[in-house]
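This is my_file33.cif. It holds mmCIF, C-alpha atoms.
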```
data_protein
loop_
_atom_site.group_PDB
_atom_site.id
_atom_site.type_symbol
_atom_site.label_atom_id
_atom_site.label_comp_id
_atom_site.auth_asym_id
_atom_site.auth_seq_id
_atom_site.Cartn_x
_atom_site.Cartn_y
_atom_site.Cartn_z
ATOM 1 C CA MET A 1 47.482 74.884 82.081
ATOM 2 C CA VAL A 2 50.577 74.326 84.239
ATOM 3 C CA ARG A 3 52.317 76.522 86.808
ATOM 4 C CA TYR A 4 55.936 77.311 85.833
ATOM 5 C CA TYR A 5 58.593 78.822 88.077
ATOM 6 C CA LEU A 6 60.896 81.214 86.246
ATOM 7 C CA TYR A 7 64.574 81.846 86.919
ATOM 8 C CA ASP A 8 67.180 84.309 85.628
ATOM 9 C CA THR A 9 69.339 82.929 82.807
ATOM 10 C CA ASN A 10 72.624 84.263 84.206
ATOM 11 C CA THR A 11 72.257 83.877 87.961
ATOM 12 C CA GLY A 12 69.559 81.213 88.309
ATOM 13 C CA ALA A 13 67.758 83.512 90.750
ATOM 14 C CA TYR A 14 64.019 82.975 91.164
ATOM 15 C CA VAL A 15 62.103 85.527 89.111
ATOM 16 C CA GLY A 16 58.487 84.509 89.698
ATOM 17 C CA CYS A 17 55.859 82.093 88.495
ATOM 18 C CA MET A 18 53.278 81.979 85.750
ATOM 19 C CA VAL A 19 50.566 79.677 84.491
ATOM 20 C CA ALA A 20 50.865 78.700 80.837
ATOM 21 C CA SER A 21 50.048 75.891 78.457
ATOM 22 C CA ILE A 22 53.570 75.896 76.948
ATOM 23 C CA GLN A 23 56.683 75.904 79.171
ATOM 24 C CA PRO A 24 58.592 79.174 78.821
ATOM 25 C CA GLU A 25 62.379 79.247 78.547
ATOM 26 C CA ASN A 26 64.278 79.363 81.834
ATOM 27 C CA SER A 27 61.468 77.773 83.828
ATOM 28 C CA THR A 28 60.703 74.599 85.739
ATOM 29 C CA THR A 29 57.680 72.936 87.235
ATOM 30 C CA LEU A 30 59.543 72.404 90.522
ATOM 31 C CA ASP A 31 58.168 74.701 93.231
ATOM 32 C CA PRO A 32 61.108 76.488 94.967
ATOM 33 C CA ALA A 33 59.035 76.828 98.154
ATOM 34 C CA LEU A 34 59.219 73.043 98.641
ATOM 35 C CA THR A 35 63.017 72.987 99.026
ATOM 36 C CA CYS A 36 64.091 76.571 99.724
ATOM 37 C CA HIS A 37 63.504 78.837 102.678
ATOM 38 C CA PHE A 38 64.988 82.058 101.335
ATOM 39 C CA ASN A 39 66.770 83.450 98.281
ATOM 40 C CA PRO A 40 66.211 80.470 95.905
ATOM 41 C CA TYR A 41 68.234 79.916 92.733
ATOM 42 C CA PHE A 42 67.960 77.185 90.124
ATOM 43 C CA GLU A 43 70.972 75.007 89.384
ATOM 44 C CA SER A 44 71.367 71.495 87.980
ATOM 45 C CA ASP A 45 67.602 70.883 87.797
ATOM 46 C CA GLN A 46 66.984 71.822 91.426
ATOM 47 C CA TRP A 47 66.263 74.841 93.586
ATOM 48 C CA LEU A 48 68.901 75.729 96.168
ATOM 49 C CA ASP A 49 69.106 78.337 98.913
ATOM 50 C CA LYS A 50 71.650 80.981 98.016
ATOM 51 C CA PRO A 51 73.333 82.256 101.159
ATOM 52 C CA LEU A 52 72.726 85.923 101.739
ATOM 53 C CA GLU A 53 75.815 88.074 101.473
ATOM 54 C CA VAL A 54 76.191 89.924 104.714
ATOM 55 C CA LYS A 55 78.165 93.070 104.210
ATOM 56 C CA PRO A 56 79.588 94.610 107.326
ATOM 57 C CA SER A 57 77.975 97.874 108.195
ATOM 58 C CA ILE A 58 79.980 101.069 108.093
ATOM 59 C CA ILE A 59 80.183 101.041 111.877
ATOM 60 C CA LYS A 60 81.540 97.496 111.891
ATOM 61 C CA GLN A 61 84.091 98.436 109.227
ATOM 62 C CA LEU A 62 85.193 101.437 111.278
ATOM 63 C CA LEU A 63 85.444 99.297 114.389
ATOM 64 C CA MET A 64 87.582 96.754 112.548
ATOM 65 C CA GLN A 65 89.856 99.525 111.231
ATOM 66 C CA GLN A 66 90.081 101.018 114.703
ATOM 67 C CA ALA A 67 90.999 97.635 116.195
ATOM 68 C CA GLN A 68 93.773 97.252 113.603
ATOM 69 C CA GLN A 69 95.061 100.739 114.360
ATOM 70 C CA ILE A 70 95.026 100.032 118.109
ATOM 71 C CA THR A 71 97.013 96.844 117.526
ATOM 72 C CA MET A 72 99.565 98.762 115.459
ATOM 73 C CA LEU A 73 99.837 101.474 118.121
ATOM 74 C CA GLN A 74 100.320 98.876 120.863
ATOM 75 C CA SER A 75 103.076 97.256 118.825
ATOM 76 C CA THR A 76 104.747 100.625 118.266
ATOM 77 C CA ALA A 77 104.510 101.455 121.976
ATOM 78 C CA MET A 78 106.115 98.124 122.894
ATOM 79 C CA GLN A 79 108.974 98.772 120.467
ATOM 80 C CA GLN A 80 109.487 102.246 121.901
ATOM 81 C CA ASN A 81 109.491 100.856 125.442
ATOM 82 C CA GLN A 82 112.163 98.348 124.447
ATOM 83 C CA SER A 83 114.226 101.100 122.828
ATOM 84 C CA ASN A 84 113.838 103.272 125.934
ATOM 85 C CA ALA A 85 115.003 100.432 128.182
ATOM 86 C CA LYS A 86 118.112 99.936 126.019
ATOM 87 C CA LEU A 87 118.844 103.671 126.056
ATOM 88 C CA GLN A 88 118.455 103.824 129.837
ATOM 89 C CA ALA A 89 120.893 100.935 130.228
ATOM 90 C CA ALA A 90 123.384 102.689 127.929
ATOM 91 C CA ASN A 91 122.946 105.940 129.899
ATOM 92 C CA ALA A 92 123.654 104.122 133.165
ATOM 93 C CA GLN A 93 126.861 102.679 131.711
ATOM 94 C CA GLN A 94 127.945 106.091 130.451
ATOM 95 C CA ALA A 95 127.232 107.658 133.847
ATOM 96 C CA THR A 96 129.451 105.031 135.481
ATOM 97 C CA GLN A 97 132.218 105.682 132.951
ATOM 98 C CA ILE A 98 131.960 109.450 133.541
ATOM 99 C CA LYS A 99 132.336 108.957 137.299
ATOM 100 C CA GLN A 100 135.380 106.755 136.737
ATOM 101 C CA LEU A 101 136.930 109.376 134.416
ATOM 102 C CA GLN A 102 136.212 112.132 136.942
ATOM 103 C CA GLN A 103 137.949 110.112 139.652
ATOM 104 C CA MET A 104 140.933 109.519 137.370
ATOM 105 C CA VAL A 105 141.163 113.245 136.588
ATOM 106 C CA MET A 106 140.976 114.098 140.287
ATOM 107 C CA MET A 107 143.740 111.612 141.065
ATOM 108 C CA ALA A 108 145.886 112.974 138.246
ATOM 109 C CA ASN A 109 145.344 116.531 139.540
ATOM 110 C CA GLN A 110 146.247 115.458 143.068
ATOM 111 C CA GLN A 111 149.404 113.762 141.791
ATOM 112 C CA GLN A 112 150.392 116.934 139.938
ATOM 113 C CA VAL A 113 149.792 119.008 143.063
ATOM 114 C CA VAL A 114 151.958 116.624 145.116
ATOM 115 C CA LYS A 115 154.666 116.653 142.448
ATOM 116 C CA LYS A 116 154.680 120.482 142.310
ATOM 117 C CA SER A 117 154.772 120.751 146.077
ATOM 118 C CA LYS A 118 157.762 118.350 146.161
ATOM 119 C CA GLU A 119 159.504 120.447 143.517
ATOM 120 C CA ILE A 120 158.857 123.608 145.490
ATOM 121 C CA ASN A 121 160.027 122.065 148.749
ATOM 122 C CA ALA A 122 163.088 120.553 147.181
#
```
Can you dump the structure from the file as structure tokens?
Amino acid sequence: MVRYYLYDTNTGAYVGCMVASIQPENSTTLDPALTCHFNPYFESDQWLDKPLEVKPSIIKQLLMQQAQQITMLQSTAMQQNQSNAKLQAANAQQATQIKQLQQMVMMANQQQVVKKSKEINA
């Protein structure tokens, strides 16, 4: 009687062991405990450790989503700040132009007043 170590046909994952006189299909006499520390699978006539798939927890997923959203919001805020700075510069230019126009209108009004007073005095 011999000890056989069984593995899944599709995945090669360790299924268990059994003692038998005839070797069952999908089995080997190699002990997975000699070469593997966790999650053994059989491939190419040897046992290998299959890395465990670590799935992020729901909290980690939410934190990652939140970090992405924060990054997007920061980017949007920076764009808005740039737009605001451009608008403020444009407003300052327009305010200067308005003052210049007001001065021109005042000068034109004064010239008309002088002209009318000359016509009246003449």
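The space separating CA of Thr9 in chain A from CA of Asp45 in chain A comes to 13.2 Å.
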Provide the CA of Leu62 in chain A to CA of Ala77 in chain A distance in Å, to one decimal place. 22.1 Å
With only C-alpha atoms as the counted atoms, please give the residues lying no more than 12 Å from Ile22 in chain A, apart from itself and same-chain residues fewer than 2 positions off, as a VMD selection string. chain A and resid 1 to 4 18 to 20 24 to 25 27 to 29
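Here the question is which of A:Asn121, A:Gln23, A:Gln110, A:Thr76 gets nearest to Leu6 in chain A using all atoms listed in the file, and that residue is A:Gln23.
In this comparison, which uses all atoms listed in the file, the residue of A:Gln102, A:Gln65, A:Gln97, A:Asn26 approaching Tyr41 in chain A most closely is A:Asn26.
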So for range 66-69 of chain A, what box centre and size do we get, axis-aligned, 6 Å extra on each of the six sides, every listed atom, Å to one decimal, as AutoDock Vina command-line options?
```
--center_x 92.6 --center_y 99.1 --center_z 114.9 --size_x 17.0 --size_y 15.8 --size_z 14.6
```
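The coordinates place CA of Pro56 in chain A at 25.3 Å from CA of Gly12 in chain A.
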When you look at Pro32 in chain A with a cut-off of 9 Å (counting all atoms listed in the file), what residues show up, excluding the ones that are within fewer than 3 positions of it in the same chain? I need them as an MDAnalysis selection string. chainID A and resid 5 14 35:37 40:42 46:48
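The closest residue to Glu43 in chain A, picked from A:Met72, A:Met64, A:Leu30, A:Ala85 and counting all atoms listed in the file, is A:Leu30.
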